[in-house]
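Raw run.pdb, PDB, C-alpha atoms, pLDDT in the B column:
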ATOM      1  CA  MET A   1       0.000   0.000   0.000  1.00 50.00           C
ATOM      2  CA  THR A   2       1.466   3.371  -0.996  1.00 57.00           C
ATOM      3  CA  GLU A   3       1.323   6.416   1.199  1.00 64.00           C
ATOM      4  CA  LYS A   4      -0.324   9.520  -0.118  1.00 70.00           C
ATOM      5  CA  GLN A   5       2.446  12.000  -0.746  1.00 81.00           C
ATOM      6  CA  GLU A   6       2.160  15.715  -0.235  1.00 83.00           C
ATOM      7  CA  PRO A   7       2.255  17.652  -3.493  1.00 83.00           C
ATOM      8  CA  ALA A   8       5.557  19.336  -4.233  1.00 89.00           C
ATOM      9  CA  SER A   9       5.793  23.095  -3.875  1.00 94.00           C
ATOM     10  CA  GLU A  10       5.576  25.227  -6.994  1.00 94.00           C
ATOM     11  CA  ALA A  11       9.244  26.173  -6.560  1.00 94.00           C
ATOM     12  CA  ALA A  12      10.280  22.506  -6.300  1.00 93.00           C
ATOM     13  CA  VAL A  13       8.306  21.630  -9.444  1.00 94.00           C
ATOM     14  CA  GLN A  14       9.991  24.497 -11.333  1.00 94.00           C
ATOM     15  CA  ALA A  15      13.431  23.520  -9.989  1.00 93.00           C
ATOM     16  CA  ALA A  16      12.907  19.888 -11.051  1.00 93.00           C
ATOM     17  CA  ALA A  17      11.910  20.954 -14.569  1.00 94.00           C
ATOM     18  CA  ASP A  18      14.878  23.324 -14.827  1.00 94.00           C
ATOM     19  CA  VAL A  19      17.347  20.714 -13.574  1.00 94.00           C
ATOM     20  CA  TRP A  20      16.026  18.178 -16.088  1.00 93.00           C
ATOM     21  CA  VAL A  21      16.471  20.571 -19.026  1.00 94.00           C
ATOM     22  CA  VAL A  22      19.867  21.902 -17.954  1.00 93.00           C
ATOM     23  CA  VAL A  23      21.305  18.453 -17.207  1.00 91.00           C
ATOM     24  CA  GLY A  24      20.324  17.319 -20.712  1.00 90.00           C
ATOM     25  CA  ARG A  25      21.949  20.356 -22.324  1.00 91.00           C
ATOM     26  CA  LEU A  26      25.042  20.009 -20.175  1.00 91.00           C
ATOM     27  CA  ARG A  27      25.414  16.313 -21.055  1.00 85.00           C
ATOM     28  CA  ARG A  28      25.285  17.143 -24.768  1.00 84.00           C
ATOM     29  CA  LYS A  29      27.885  19.910 -24.328  1.00 86.00           C
ATOM     30  CA  LEU A  30      30.180  17.662 -22.310  1.00 82.00           C
ATOM     31  CA  ARG A  31      29.839  14.863 -24.871  1.00 75.00           C
ATOM     32  CA  ALA A  32      30.874  17.320 -27.579  1.00 75.00           C
ATOM     33  CA  GLN A  33      34.157  17.869 -25.706  1.00 72.00           C
ATOM     34  CA  LEU A  34      35.272  14.262 -26.305  1.00 61.00           C
ATOM     35  CA  GLY A  35      37.957  13.104 -28.701  1.00 51.00           C
ATOM     36  CA  GLY A  36      38.622  13.915 -32.287  1.00 50.00           C
ATOM     37  CA  THR A  37      41.197  16.581 -31.479  1.00 52.00           C
ATOM     38  CA  ASP A  38      44.961  16.570 -31.860  1.00 50.00           C
ATOM     39  CA  GLY A  39      44.963  13.212 -33.637  1.00 56.00           C
ATOM     40  CA  GLU A  40      42.888  11.450 -30.979  1.00 71.00           C
ATOM     41  CA  ILE A  41      40.494   8.753 -32.080  1.00 79.00           C
ATOM     42  CA  GLU A  42      36.946  10.061 -32.027  1.00 83.00           C
ATOM     43  CA  LEU A  43      34.661   7.881 -29.948  1.00 87.00           C
ATOM     44  CA  SER A  44      30.955   7.431 -30.528  1.00 87.00           C
ATOM     45  CA  PRO A  45      28.677   8.030 -27.527  1.00 85.00           C
ATOM     46  CA  ALA A  46      28.198   4.244 -27.264  1.00 91.00           C
ATOM     47  CA  GLN A  47      31.968   3.628 -27.245  1.00 93.00           C
ATOM     48  CA  ALA A  48      32.551   6.344 -24.622  1.00 89.00           C
ATOM     49  CA  SER A  49      29.750   4.855 -22.521  1.00 91.00           C
ATOM     50  CA  VAL A  50      31.298   1.376 -22.640  1.00 95.00           C
ATOM     51  CA  LEU A  51      34.694   2.748 -21.583  1.00 95.00           C
ATOM     52  CA  ALA A  52      33.015   4.578 -18.695  1.00 92.00           C
ATOM     53  CA  ARG A  53      31.091   1.449 -17.685  1.00 94.00           C
ATOM     54  CA  LEU A  54      34.208  -0.755 -17.716  1.00 97.00           C
ATOM     55  CA  ASP A  55      36.131   1.881 -15.766  1.00 95.00           C
ATOM     56  CA  LYS A  56      33.391   2.020 -13.152  1.00 93.00           C
ATOM     57  CA  THR A  57      32.394  -1.646 -12.808  1.00 94.00           C
ATOM     58  CA  GLY A  58      35.303  -3.644 -14.197  1.00 95.00           C
ATOM     59  CA  PRO A  59      35.342  -6.438 -16.789  1.00 96.00           C
ATOM     60  CA  ALA A  60      32.037  -7.621 -18.258  1.00 96.00           C
ATOM     61  CA  SER A  61      30.832  -9.832 -21.060  1.00 95.00           C
ATOM     62  CA  ALA A  62      29.585  -8.181 -24.239  1.00 95.00           C
ATOM     63  CA  SER A  63      26.104  -9.562 -23.564  1.00 94.00           C
ATOM     64  CA  ASP A  64      26.123  -8.082 -20.048  1.00 95.00           C
ATOM     65  CA  LEU A  65      27.244  -4.744 -21.497  1.00 96.00           C
ATOM     66  CA  ALA A  66      24.450  -4.903 -24.072  1.00 96.00           C
ATOM     67  CA  THR A  67      21.874  -5.497 -21.349  1.00 95.00           C
ATOM     68  CA  ILE A  68      23.225  -2.708 -19.132  1.00 92.00           C
ATOM     69  CA  GLU A  69      23.472  -0.240 -22.030  1.00 93.00           C
ATOM     70  CA  GLY A  70      20.063  -1.227 -23.400  1.00 92.00           C
ATOM     71  CA  VAL A  71      21.221  -2.245 -26.876  1.00 95.00           C
ATOM     72  CA  ARG A  72      21.084  -5.422 -28.947  1.00 96.00           C
ATOM     73  CA  PRO A  73      23.988  -7.858 -28.506  1.00 95.00           C
ATOM     74  CA  GLN A  74      24.894  -7.411 -32.197  1.00 96.00           C
ATOM     75  CA  SER A  75      25.206  -3.647 -31.691  1.00 96.00           C
ATOM     76  CA  MET A  76      27.382  -4.133 -28.620  1.00 97.00           C
ATOM     77  CA  ALA A  77      29.572  -6.603 -30.522  1.00 96.00           C
ATOM     78  CA  LYS A  78      30.314  -3.845 -33.064  1.00 97.00           C
ATOM     79  CA  VAL A  79      31.166  -1.381 -30.284  1.00 97.00           C
ATOM     80  CA  VAL A  80      33.490  -3.880 -28.583  1.00 97.00           C
ATOM     81  CA  ILE A  81      35.218  -4.770 -31.872  1.00 97.00           C
ATOM     82  CA  ALA A  82      35.815  -1.072 -32.646  1.00 96.00           C
ATOM     83  CA  LEU A  83      37.261  -0.480 -29.163  1.00 97.00           C
ATOM     84  CA  GLU A  84      39.395  -3.601 -29.463  1.00 97.00           C
ATOM     85  CA  GLU A  85      40.759  -2.504 -32.850  1.00 96.00           C
ATOM     86  CA  VAL A  86      42.077   0.761 -31.362  1.00 95.00           C
ATOM     87  CA  GLY A  87      43.498  -1.021 -28.316  1.00 96.00           C
ATOM     88  CA  PHE A  88      41.120   0.363 -25.674  1.00 97.00           C
ATOM     89  CA  VAL A  89      39.740  -3.039 -24.628  1.00 98.00           C
ATOM     90  CA  VAL A  90      40.763  -6.689 -24.787  1.00 98.00           C
ATOM     91  CA  ARG A  91      38.650  -9.827 -24.650  1.00 96.00           C
ATOM     92  CA  THR A  92      39.811 -12.707 -22.469  1.00 94.00           C
ATOM     93  CA  PRO A  93      38.211 -15.985 -21.416  1.00 94.00           C
ATOM     94  CA  ASP A  94      35.984 -15.720 -18.339  1.00 90.00           C
ATOM     95  CA  PRO A  95      37.752 -17.739 -15.605  1.00 90.00           C
ATOM     96  CA  GLY A  96      34.361 -18.872 -14.262  1.00 88.00           C
ATOM     97  CA  ASP A  97      32.980 -19.946 -17.658  1.00 89.00           C
ATOM     98  CA  ARG A  98      35.608 -20.467 -20.349  1.00 85.00           C
ATOM     99  CA  ARG A  99      32.901 -20.333 -23.061  1.00 89.00           C
ATOM    100  CA  ARG A 100      32.326 -16.625 -22.326  1.00 92.00           C
ATOM    101  CA  GLN A 101      34.714 -13.777 -22.924  1.00 95.00           C
ATOM    102  CA  LEU A 102      35.165 -10.774 -20.692  1.00 97.00           C
ATOM    103  CA  VAL A 103      35.777  -7.312 -22.082  1.00 97.00           C
ATOM    104  CA  THR A 104      38.433  -5.508 -20.070  1.00 97.00           C
ATOM    105  CA  LEU A 105      39.751  -1.951 -20.275  1.00 97.00           C
ATOM    106  CA  THR A 106      43.411  -1.757 -21.335  1.00 97.00           C
ATOM    107  CA  GLU A 107      45.897   0.760 -19.950  1.00 97.00           C
ATOM    108  CA  SER A 108      45.382   2.742 -23.158  1.00 95.00           C
ATOM    109  CA  GLY A 109      41.598   2.634 -22.705  1.00 96.00           C
ATOM    110  CA  LEU A 110      41.904   3.713 -19.080  1.00 95.00           C
ATOM    111  CA  ALA A 111      44.207   6.580 -20.052  1.00 94.00           C
ATOM    112  CA  ARG A 112      41.735   7.687 -22.718  1.00 93.00           C
ATOM    113  CA  ARG A 113      38.863   7.504 -20.220  1.00 91.00           C
ATOM    114  CA  LYS A 114      40.779   9.580 -17.661  1.00 92.00           C
ATOM    115  CA  GLY A 115      41.854  12.056 -20.349  1.00 89.00           C
ATOM    116  CA  ASP A 116      38.259  12.497 -21.526  1.00 86.00           C
ATOM    117  CA  ARG A 117      37.050  12.975 -17.956  1.00 88.00           C
ATOM    118  CA  GLU A 118      39.743  15.576 -17.241  1.00 90.00           C
ATOM    119  CA  ALA A 119      39.018  17.418 -20.510  1.00 88.00           C
ATOM    120  CA  ARG A 120      35.325  17.653 -19.606  1.00 89.00           C
ATOM    121  CA  ARG A 121      36.085  18.849 -16.084  1.00 92.00           C
ATOM    122  CA  ALA A 122      38.514  21.467 -17.372  1.00 93.00           C
ATOM    123  CA  TRP A 123      36.003  22.711 -19.964  1.00 93.00           C
ATOM    124  CA  LEU A 124      33.242  22.985 -17.364  1.00 94.00           C
ATOM    125  CA  ALA A 125      35.505  24.779 -14.867  1.00 96.00           C
ATOM    126  CA  ARG A 126      36.527  27.335 -17.517  1.00 96.00           C
ATOM    127  CA  ALA A 127      32.893  27.807 -18.592  1.00 95.00           C
ATOM    128  CA  LEU A 128      31.793  28.380 -14.989  1.00 97.00           C
ATOM    129  CA  ASP A 129      34.580  30.945 -14.505  1.00 97.00           C
ATOM    130  CA  GLU A 130      33.649  32.717 -17.758  1.00 97.00           C
ATOM    131  CA  HIS A 131      29.899  32.837 -17.178  1.00 97.00           C
ATOM    132  CA  GLY A 132      29.465  32.995 -13.410  1.00 97.00           C
ATOM    133  CA  THR A 133      30.337  35.180 -10.495  1.00 97.00           C
ATOM    134  CA  GLU A 134      31.974  33.724  -7.391  1.00 97.00           C
ATOM    135  CA  GLU A 135      28.577  33.833  -5.653  1.00 97.00           C
ATOM    136  CA  GLN A 136      26.909  31.967  -8.527  1.00 97.00           C
ATOM    137  CA  ILE A 137      29.623  29.321  -8.515  1.00 97.00           C
ATOM    138  CA  GLN A 138      29.151  28.884  -4.759  1.00 97.00           C
ATOM    139  CA  ALA A 139      25.392  28.523  -5.389  1.00 96.00           C
ATOM    140  CA  VAL A 140      26.138  25.736  -7.893  1.00 96.00           C
ATOM    141  CA  ILE A 141      28.239  23.968  -5.240  1.00 96.00           C
ATOM    142  CA  THR A 142      25.362  24.258  -2.761  1.00 96.00           C
ATOM    143  CA  ALA A 143      22.821  23.061  -5.354  1.00 95.00           C
ATOM    144  CA  MET A 144      25.002  20.060  -6.242  1.00 94.00           C
ATOM    145  CA  ALA A 145      25.177  19.065  -2.567  1.00 95.00           C
ATOM    146  CA  LEU A 146      21.362  19.151  -2.415  1.00 95.00           C
ATOM    147  CA  LEU A 147      21.004  17.142  -5.633  1.00 93.00           C
ATOM    148  CA  ASP A 148      23.536  14.595  -4.364  1.00 91.00           C
ATOM    149  CA  GLU A 149      21.525  14.249  -1.151  1.00 93.00           C
ATOM    150  CA  VAL A 150      18.344  13.718  -3.186  1.00 92.00           C
ATOM    151  CA  ALA A 151      20.093  11.137  -5.381  1.00 88.00           C
ATOM    152  CA  GLN A 152      21.256   9.172  -2.341  1.00 89.00           C
ATOM    153  CA  ALA A 153      17.885   9.258  -0.529  1.00 84.00           C
TER     154      ALA A 153
END
Please rewrite the model in this file as structure tokens.
Amino acid sequence: MTEKQEPASEAAVQAAADVWVVVGRLRRKLRAQLGGTDGEIELSPAQASVLARLDKTGPASASDLATIEGVRPQSMAKVVIALEEVGFVVRTPDPGDRRRQLVTLTESGLARRKGDREARRAWLARALDEHGTEEQIQAVITAMALLDEVAQA
């Protein structure tokens, strides 16, 4: 049985809508900061997502990655092959089930992932400095703490 919840305040409804829109825009901007510069290999959003997933959770089978990423196994196979061809991942037999293969991030893949993450952070820090006052930047820090609290509730 679900409890009847109090309606959200008008300000909270507006804040939720604003956060949703801004987070989407910010994700697209941050994605645009990835790869393709100074001779780097340009990664598709799916390839970048797989690198991030492997960095966060460790080795996984291609079928597990497909399920987690919400794509068909055939599509994930293409992503894994492309990442393998550029040396960002390797496939090795699963020690628990030698019929399966695990996709693992290589040192090169990890370096690329960290480089992408740092490039996005640096871009966002510069953009905040260019567009915001010190007080506005402090307000963003406060808002992020609130959103983190909400996300962990």
Tell me which protein, DNA and RNA residues are within 10 Å of Arg100 in chain A, counting only C-alpha atoms, leaving out same-chain ones fewer than 6 positions away, and put them as a short mmCIF file (atom, residue, chain, number, x, y, z; two decimals) with C-alpha atoms, keeping the file's coordinate frame.
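Result file out31.cif:
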data_model
loop_
_atom_site.label_atom_id
_atom_site.label_comp_id
_atom_site.auth_asym_id
_atom_site.auth_seq_id
_atom_site.Cartn_x
_atom_site.Cartn_y
_atom_site.Cartn_z
CA ALA A 60 32.04 -7.62 -18.26
CA SER A 61 30.83 -9.83 -21.06
CA ALA A 62 29.58 -8.18 -24.24
CA SER A 63 26.10 -9.56 -23.56
CA ARG A 91 38.65 -9.83 -24.65
CA THR A 92 39.81 -12.71 -22.47
CA PRO A 93 38.21 -15.98 -21.42
CA ASP A 94 35.98 -15.72 -18.34
#
Exercise for the section: Could you please determine the separation between CA of Asp55 in chain A and CA of Trp20 in chain A in Å, to one decimal place? Expected result: 25.9 Å
Exercise for the section: Write out as a list of chain:residue names which residues come within 10 Å of range 138-150 of chain A when counting only C-alpha atoms, dropping same-chain ones fewer than 4 positions away. Expected result: A:Val19, A:Leu128, A:Gly132, A:Thr133, A:Glu134
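Between CA of Ser108 in chain A and CA of Phe88 in chain A lies a distance of 5.5 Å.
Taking CA of Ser49 in chain A and CA of Thr106 in chain A as the two end points, the separation is 15.2 Å.
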Would you give the centre and edge lengths, in Å to one decimal, of a box along x, y and z around the listed atoms of range 105-112 of chain A, with 3 Å added to each side, as lines of an AutoDock Vina configuration file?
center_x = 42.8
center_y = 2.9
center_z = -21.1
size_x = 12.1
size_y = 15.6
size_z = 10.1
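Proximity of A:Ala17, A:Ala46, A:Leu105, A:Val86 to Ile68 in chain A, computed with only C-alpha atoms, is greatest for A:Ala46.
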Exercise for the section: For Pro59 in chain A, list every protein, DNA or RNA residue within 8 Å, evaluated using all atoms listed in the file, and leave out those in the same chain fewer than 3 positions away; present the list as number ranges by chain. Expected result: A: 54, 102-105
Exercise for the section: Name the residues captured by the PyMOL selection byres ((chain A and resi 72-80) around 9) when it is applied to the shown file; answer as a list in words. Expected result: Ser44, Ala46, Gln47, Val50, Ala62, Ser63, Asp64, Leu65, Ala66, Thr67, Glu69, Gly70, Val71, Ile81, Ala82, Leu83, Glu84, Glu85, Val89, Val90, Arg91 and Val103 of chain A
Would you output that residue set with C-alpha atoms, as a PDB file, keeping the file's coordinate frame?
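Now in out-v3.pdb:
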ATOM      1  CA  SER A  44      30.955   7.431 -30.528  1.00 87.00           C
ATOM      2  CA  ALA A  46      28.198   4.244 -27.264  1.00 91.00           C
ATOM      3  CA  GLN A  47      31.968   3.628 -27.245  1.00 93.00           C
ATOM      4  CA  VAL A  50      31.298   1.376 -22.640  1.00 95.00           C
ATOM      5  CA  ALA A  62      29.585  -8.181 -24.239  1.00 95.00           C
ATOM      6  CA  SER A  63      26.104  -9.562 -23.564  1.00 94.00           C
ATOM      7  CA  ASP A  64      26.123  -8.082 -20.048  1.00 95.00           C
ATOM      8  CA  LEU A  65      27.244  -4.744 -21.497  1.00 96.00           C
ATOM      9  CA  ALA A  66      24.450  -4.903 -24.072  1.00 96.00           C
ATOM     10  CA  THR A  67      21.874  -5.497 -21.349  1.00 95.00           C
ATOM     11  CA  GLU A  69      23.472  -0.240 -22.030  1.00 93.00           C
ATOM     12  CA  GLY A  70      20.063  -1.227 -23.400  1.00 92.00           C
ATOM     13  CA  VAL A  71      21.221  -2.245 -26.876  1.00 95.00           C
ATOM     14  CA  ILE A  81      35.218  -4.770 -31.872  1.00 97.00           C
ATOM     15  CA  ALA A  82      35.815  -1.072 -32.646  1.00 96.00           C
ATOM     16  CA  LEU A  83      37.261  -0.480 -29.163  1.00 97.00           C
ATOM     17  CA  GLU A  84      39.395  -3.601 -29.463  1.00 97.00           C
ATOM     18  CA  GLU A  85      40.759  -2.504 -32.850  1.00 96.00           C
ATOM     19  CA  VAL A  89      39.740  -3.039 -24.628  1.00 98.00           C
ATOM     20  CA  VAL A  90      40.763  -6.689 -24.787  1.00 98.00           C
ATOM     21  CA  ARG A  91      38.650  -9.827 -24.650  1.00 96.00           C
ATOM     22  CA  VAL A 103      35.777  -7.312 -22.082  1.00 97.00           C
TER      23      VAL A 103
END
